[in-house]
2 protein chains.
Amino acid sequence: MNYSEMKPSEVRKLIREGKITGPTSGMCAGYAQANLVILPKDLAYEFLLFTQRNPKSCPILEVSDVGSRNLKYIAEDADIARDIPKYRVYEDGILTGEYTSIEHLWRDDFVSFFIGCSFSFESELLEAGVPVRHIEESCNVPMFVTNIECEPAGIFNGKMVVSMRPIPNNQVVKSVMVTGSMPRVHGAPIHIGDPSVIGISNINKPDFGDCVKIKEGEVPVFWACGVTPQSVVMNVKPKIVITHSPGHMLITDTKNIDLKF
Amino acid sequence: MNYSEMKPSEVRKLIREGKITGPTSGMCAGYAQANLVILPKDLAYEFLLFTQRNPKSCPILEVSDVGSRNLKYIAEDADIARDIPKYRVYEDGILTGEYTSIEHLWRDDFVSFFIGCSFSFESELLEAGVPVRHIEESCNVPMFVTNIECEPAGIFNGKMVVSMRPIPNNQVVKSVMVTGSMPRVHGAPIHIGDPSVIGISNINKPDFGDCVKIKEGEVPVFWACGVTPQSVVMNVKPKIVITHSPGHMLITDTKNIDLKF
């Protein structure tokens with residue numbers, strides 16, 4: 001099957017039926033994919049406020065209605081409890097299970113937050129002729145915990161996590177312009193160059209993901225990363241929080257190009 | 001006193017001391033002014049979600065912490081209960097008072113929403129040589145209730161309110177580009193041209209504000225308006241809601257130019 005050419009609704013159906021349980025990278029070319037954080041209603045206000053105060057790390061694509069397993073804007077026929085290939089359940093901050101469906105765990109007070117993902121701007125970078133190293137090397141993007149404090153909101157606080165892509169000197173400006181035009185998927189970089197400025201001591205030892213080669217004539221460029229909200233939620237150790245498993249995203253009906261407006 | 005040349009903190013001090021009680025238009029040139037909606041905490045989540053779903057009508061500049069009279073981002077030394085020249089208090093949907101201070105009404109469960117205002121993009125339009133008719137005519141901008149449904153959130157729903165500015169044909173594109181670069185103060189227009197398309201039957205009879213002249217060779221251009229969230233809140237008739245009195249805004253320390261990033 002060529003999942004890259006299929007429609008999002010078709011792939012979501014295969015996921016719902018348990019026929020796809022792996023990572024979604026490369027599926028449904030041109031369509032945005034989304035990170036997921038599900039929290040009980042009593043934490044939803046402070047988390048929504050956190051996303052409002054930290055839009056570069058937490059660009060919200062949609063927040064569900066309380067208790068609803070449906071979406072209204074980014075994926076019309078989706079079932080939030082079944083349309084992600086793999087979910088992670090954390091209780092009191094501890095990973096207690098990975099599931100391909102969370103129907104049996106669903107609660108009427110759950111609120112689902114869908115957050116923009118860098119897959120969208122990477123496809124724009126490639127389109128613009130800017131290389132994306134971890135795609136070339138078929139590994140995960142390197143991610144680092146910085147010394148940049150997120151703006152706190154209620155109980156939520158923590159450091160910003162960034163992803164790093166090495167960019168050739170003569171394409172750094174282009175990479176700022178291309179990603180800056182997509183604020184709903186992290187937007188422009190938060191830092192260009194010397195990693196120590198944002199508290200990164202060893203560029204070859206990412207905190208998450210894989211190390212990638214920085215070639216001569218390339219500059220490390222750092223973008224706010226969707227791992228930030230997950231790491232901030234985990235700090236708080238809520239009684240229950242459900243997320244997607246890394247790389248196993250919701251495939252939305254929203255085209256990347258529509259995230260520019 | 002030339003309030004136009006003064007610093008925001010200086011003018012806020014005069015307002016706090018009761019020395020300024022009138023409209024803030026034209027004060028502190030170059031700095032953004034903000035609309036205010038204060039709601040009790042039990043309505044804050046659904047209202048914040050409403051603003052998230054309707055960013056063009058409700059571009060949030062800052063949400064206060066619960067019960068706090070201070071701001072952290074847009075006006076550091078401000079007192080939310082005293083730094084607006086005139087407040088309006090509505091109980092069960094009825095205007096029950098206008099005050100120059102709401103200290104005596106303050107409650108520990110109040111949440112304050114500060115929303116971007118078109119003053120910011122009008123100053124950019126003027127800078128770019130685009131005429132702003134209601135400023136030329138020294139009256140209020142014409143505003144219309146449209147047939148465009150806002151995206152509902154919980155109990156909050158209603159039609160979008162827009163403001164209209166007549167723009168010369170050869171400057172329409174420029175006016176889109178200039179305001180489109182400022183998404184935190186309503187951003188690009190929501191409609192250009194024929195008013196009936198968005199449910200406006202008589203362009204010379206605005207629902208709020210004043211009628212302005214549309215000259216030959218000019219097109220009416222419509223922007224989402226900060227009156228939308230106020231009108232949506234009023235629909236719900238909350239037990240209590242406090243807003244600024246029209247034209248009596250919070251003067252922030254945020255420069256208009258910083259709303260572009």
# chains A, B, ... in the order shown; residues from 1 in each chain; ligands from 1
>>> interface_residues(of="chain A", to="chain B", cutoff="9 Å", atoms="only C-alpha atoms", output="PyMOL selection string")
chain A and resi 44-46+48-49+52-53+60+62-63+65-66+153-154+180+261
>>> write_last_selection(atoms="N, CA, C and O atoms", output="tab-separated table (two decimals), in the first residue's frame")
chain	number	residue	atom	x	y	z
A	44	ALA	N	-7.71	21.21	32.29
A	44	ALA	CA	-7.77	21.74	30.92
A	44	ALA	C	-7.58	23.25	30.86
A	44	ALA	O	-6.91	23.76	29.96
A	45	TYR	N	-8.15	23.99	31.82
A	45	TYR	CA	-8.04	25.44	31.74
A	45	TYR	C	-6.57	25.88	31.84
A	45	TYR	O	-6.09	26.65	31.02
A	46	GLU	N	-5.89	25.37	32.85
A	46	GLU	CA	-4.51	25.81	33.04
A	46	GLU	C	-3.61	25.33	31.89
A	46	GLU	O	-2.69	26.03	31.49
A	48	LEU	N	-4.67	24.89	28.72
A	48	LEU	CA	-5.01	25.75	27.57
A	48	LEU	C	-4.33	27.11	27.71
A	48	LEU	O	-3.80	27.67	26.75
A	49	LEU	N	-4.32	27.65	28.95
A	49	LEU	CA	-3.65	28.92	29.19
A	49	LEU	C	-2.15	28.78	28.94
A	49	LEU	O	-1.52	29.68	28.38
A	52	GLN	N	-1.60	29.03	25.35
A	52	GLN	CA	-1.78	30.41	24.89
A	52	GLN	C	-0.52	31.23	25.19
A	52	GLN	O	-0.13	32.07	24.38
A	53	ARG	N	0.10	30.98	26.33
A	53	ARG	CA	1.29	31.75	26.71
A	53	ARG	C	2.56	31.26	26.03
A	53	ARG	O	3.58	31.93	26.07
A	60	ILE	N	-1.68	25.26	19.06
A	60	ILE	CA	-2.89	24.43	19.09
A	60	ILE	C	-3.56	24.39	17.71
A	60	ILE	O	-3.82	25.43	17.11
A	62	GLU	N	-6.40	22.16	17.39
A	62	GLU	CA	-7.80	22.03	17.83
A	62	GLU	C	-7.84	21.52	19.26
A	62	GLU	O	-7.01	20.70	19.66
A	63	VAL	N	-8.84	22.02	20.00
A	63	VAL	CA	-9.16	21.48	21.33
A	63	VAL	C	-10.56	20.88	21.23
A	63	VAL	O	-11.50	21.54	20.77
A	65	ASP	N	-14.29	19.36	22.36
A	65	ASP	CA	-15.25	19.65	23.42
A	65	ASP	C	-15.06	18.63	24.54
A	65	ASP	O	-14.57	17.51	24.30
A	66	VAL	N	-15.46	19.01	25.76
A	66	VAL	CA	-15.27	18.12	26.91
A	66	VAL	C	-15.99	16.79	26.68
A	66	VAL	O	-17.17	16.77	26.34
A	153	ALA	N	1.84	28.67	33.63
A	153	ALA	CA	0.40	28.93	33.75
A	153	ALA	C	-0.14	27.94	34.77
A	153	ALA	O	-0.09	26.74	34.55
A	154	GLY	N	-0.61	28.45	35.91
A	154	GLY	CA	-1.09	27.58	36.98
A	154	GLY	C	-0.02	26.60	37.38
A	154	GLY	O	1.13	26.98	37.61
A	180	GLY	N	8.88	30.60	9.38
A	180	GLY	CA	8.21	31.76	9.98
A	180	GLY	C	6.83	32.01	9.40
A	180	GLY	O	5.96	32.61	10.04
A	261	PHE	N	-2.18	30.38	6.88
A	261	PHE	CA	-3.12	31.51	6.90
A	261	PHE	C	-3.91	31.57	8.20
A	261	PHE	O	-4.01	30.61	8.92
>>> residues_around(residues="region 215-227 of chain A", least_positions_apart="6", cutoff="8 Å", atoms="only C-alpha atoms", output="count of residues only")
30
>>> residues_around(residues="Thr21 (chain A)", least_positions_apart="6", cutoff="8 Å", atoms="only C-alpha atoms", output="list in words")
Ile15, Pro85, Lys86 and Thr100 of chain A
>>> write_last_selection(atoms="N, CA, C and O atoms", output="compact mmCIF listing (two decimals), in the first residue's frame")
# COMPACT_ATOMS: atom_id res chain seq x y z
N ILE A 15 -6.23 2.79 10.37
CA ILE A 15 -5.72 2.85 11.75
C ILE A 15 -6.83 2.40 12.72
O ILE A 15 -6.60 1.59 13.61
N PRO A 85 -2.41 5.52 15.82
CA PRO A 85 -1.93 4.12 15.79
C PRO A 85 -1.48 3.60 17.15
O PRO A 85 -1.61 2.42 17.43
N LYS A 86 -0.93 4.49 17.97
CA LYS A 86 -0.49 4.03 19.28
C LYS A 86 -0.58 5.15 20.31
O LYS A 86 -0.09 6.25 20.08
N THR A 100 -3.46 0.50 21.15
CA THR A 100 -3.84 0.94 19.80
C THR A 100 -5.24 1.54 19.80
O THR A 100 -5.68 2.12 18.81
>>> residues_around(residues="Gln230 (chain B)", least_positions_apart="6", cutoff="9 Å", atoms="only C-alpha atoms", output="list in words")
Leu36, Val37 and Thr243 of chain B
>>> write_last_selection(atoms="N, CA, C and O atoms", output="short mmCIF file (atom, residue, chain, number, x, y, z; two decimals), in the first residue's frame")
data_model
loop_
_atom_site.label_atom_id
_atom_site.label_comp_id
_atom_site.auth_asym_id
_atom_site.auth_seq_id
_atom_site.Cartn_x
_atom_site.Cartn_y
_atom_site.Cartn_z
N LEU B 36 -10.74 44.84 27.11
CA LEU B 36 -10.76 44.07 28.36
C LEU B 36 -12.10 43.35 28.54
O LEU B 36 -13.17 43.94 28.33
N VAL B 37 -12.03 42.08 28.91
CA VAL B 37 -13.21 41.33 29.37
C VAL B 37 -12.81 40.61 30.66
O VAL B 37 -11.85 39.83 30.65
N THR B 243 -16.15 45.03 31.55
CA THR B 243 -15.38 45.34 30.35
C THR B 243 -14.88 46.78 30.45
O THR B 243 -15.28 47.53 31.34
#
>>> select_by_dssp(residues="region 20-77 of chain B", states="strand (DSSP E)", output="list in words")
Tyr31, Ala32, Gln33, Ala34, Asn35, Leu36, Val37, Ile38, Leu39, Pro40, Ile60, Leu61, Glu62 and Val63 of chain B
>>> write_last_selection(atoms="N, CA and C atoms", output="mmCIF file, in the first residue's frame")
data_model
loop_
_atom_site.group_PDB
_atom_site.id
_atom_site.type_symbol
_atom_site.label_atom_id
_atom_site.label_comp_id
_atom_site.auth_asym_id
_atom_site.auth_seq_id
_atom_site.Cartn_x
_atom_site.Cartn_y
_atom_site.Cartn_z
ATOM 1 N N TYR B 31 2.319 52.428 20.685
ATOM 2 C CA TYR B 31 2.072 51.337 21.628
ATOM 3 C C TYR B 31 0.662 50.769 21.447
ATOM 4 N N ALA B 32 0.557 49.455 21.612
ATOM 5 C CA ALA B 32 -0.738 48.787 21.433
ATOM 6 C C ALA B 32 -1.678 49.105 22.590
ATOM 7 N N GLN B 33 -2.965 49.194 22.274
ATOM 8 C CA GLN B 33 -3.989 49.313 23.302
ATOM 9 C C GLN B 33 -4.826 48.034 23.277
ATOM 10 N N ALA B 34 -5.476 47.736 24.398
ATOM 11 C CA ALA B 34 -6.155 46.444 24.498
ATOM 12 C C ALA B 34 -7.578 46.573 25.027
ATOM 13 N N ASN B 35 -8.478 45.764 24.454
ATOM 14 C CA ASN B 35 -9.828 45.557 24.975
ATOM 15 C C ASN B 35 -9.761 44.692 26.229
ATOM 16 N N LEU B 36 -10.735 44.841 27.107
ATOM 17 C CA LEU B 36 -10.763 44.067 28.358
ATOM 18 C C LEU B 36 -12.101 43.349 28.539
ATOM 19 N N VAL B 37 -12.028 42.080 28.913
ATOM 20 C CA VAL B 37 -13.213 41.327 29.371
ATOM 21 C C VAL B 37 -12.807 40.611 30.655
ATOM 22 N N ILE B 38 -13.502 40.895 31.753
ATOM 23 C CA ILE B 38 -13.246 40.214 33.029
ATOM 24 C C ILE B 38 -14.417 39.285 33.327
ATOM 25 N N LEU B 39 -14.112 38.015 33.560
ATOM 26 C CA LEU B 39 -15.152 37.016 33.850
ATOM 27 C C LEU B 39 -14.758 36.222 35.099
ATOM 28 N N PRO B 40 -15.759 35.686 35.804
ATOM 29 C CA PRO B 40 -15.413 34.771 36.907
ATOM 30 C C PRO B 40 -14.785 33.498 36.357
ATOM 31 N N ILE B 60 -5.927 37.171 21.557
ATOM 32 C CA ILE B 60 -5.563 37.408 22.958
ATOM 33 C C ILE B 60 -4.156 37.982 23.061
ATOM 34 N N LEU B 61 -4.016 39.088 23.780
ATOM 35 C CA LEU B 61 -2.682 39.618 24.083
ATOM 36 C C LEU B 61 -2.186 39.078 25.419
ATOM 37 N N GLU B 62 -3.095 38.948 26.391
ATOM 38 C CA GLU B 62 -2.708 38.346 27.682
ATOM 39 C C GLU B 62 -3.944 37.942 28.458
ATOM 40 N N VAL B 63 -3.822 36.828 29.185
ATOM 41 C CA VAL B 63 -4.843 36.411 30.146
ATOM 42 C C VAL B 63 -4.195 36.473 31.525
#
>>> atom_distance(atom1="CA of Asn2 (chain A)", atom2="CA of Thr24 (chain A)")
12.2 Å
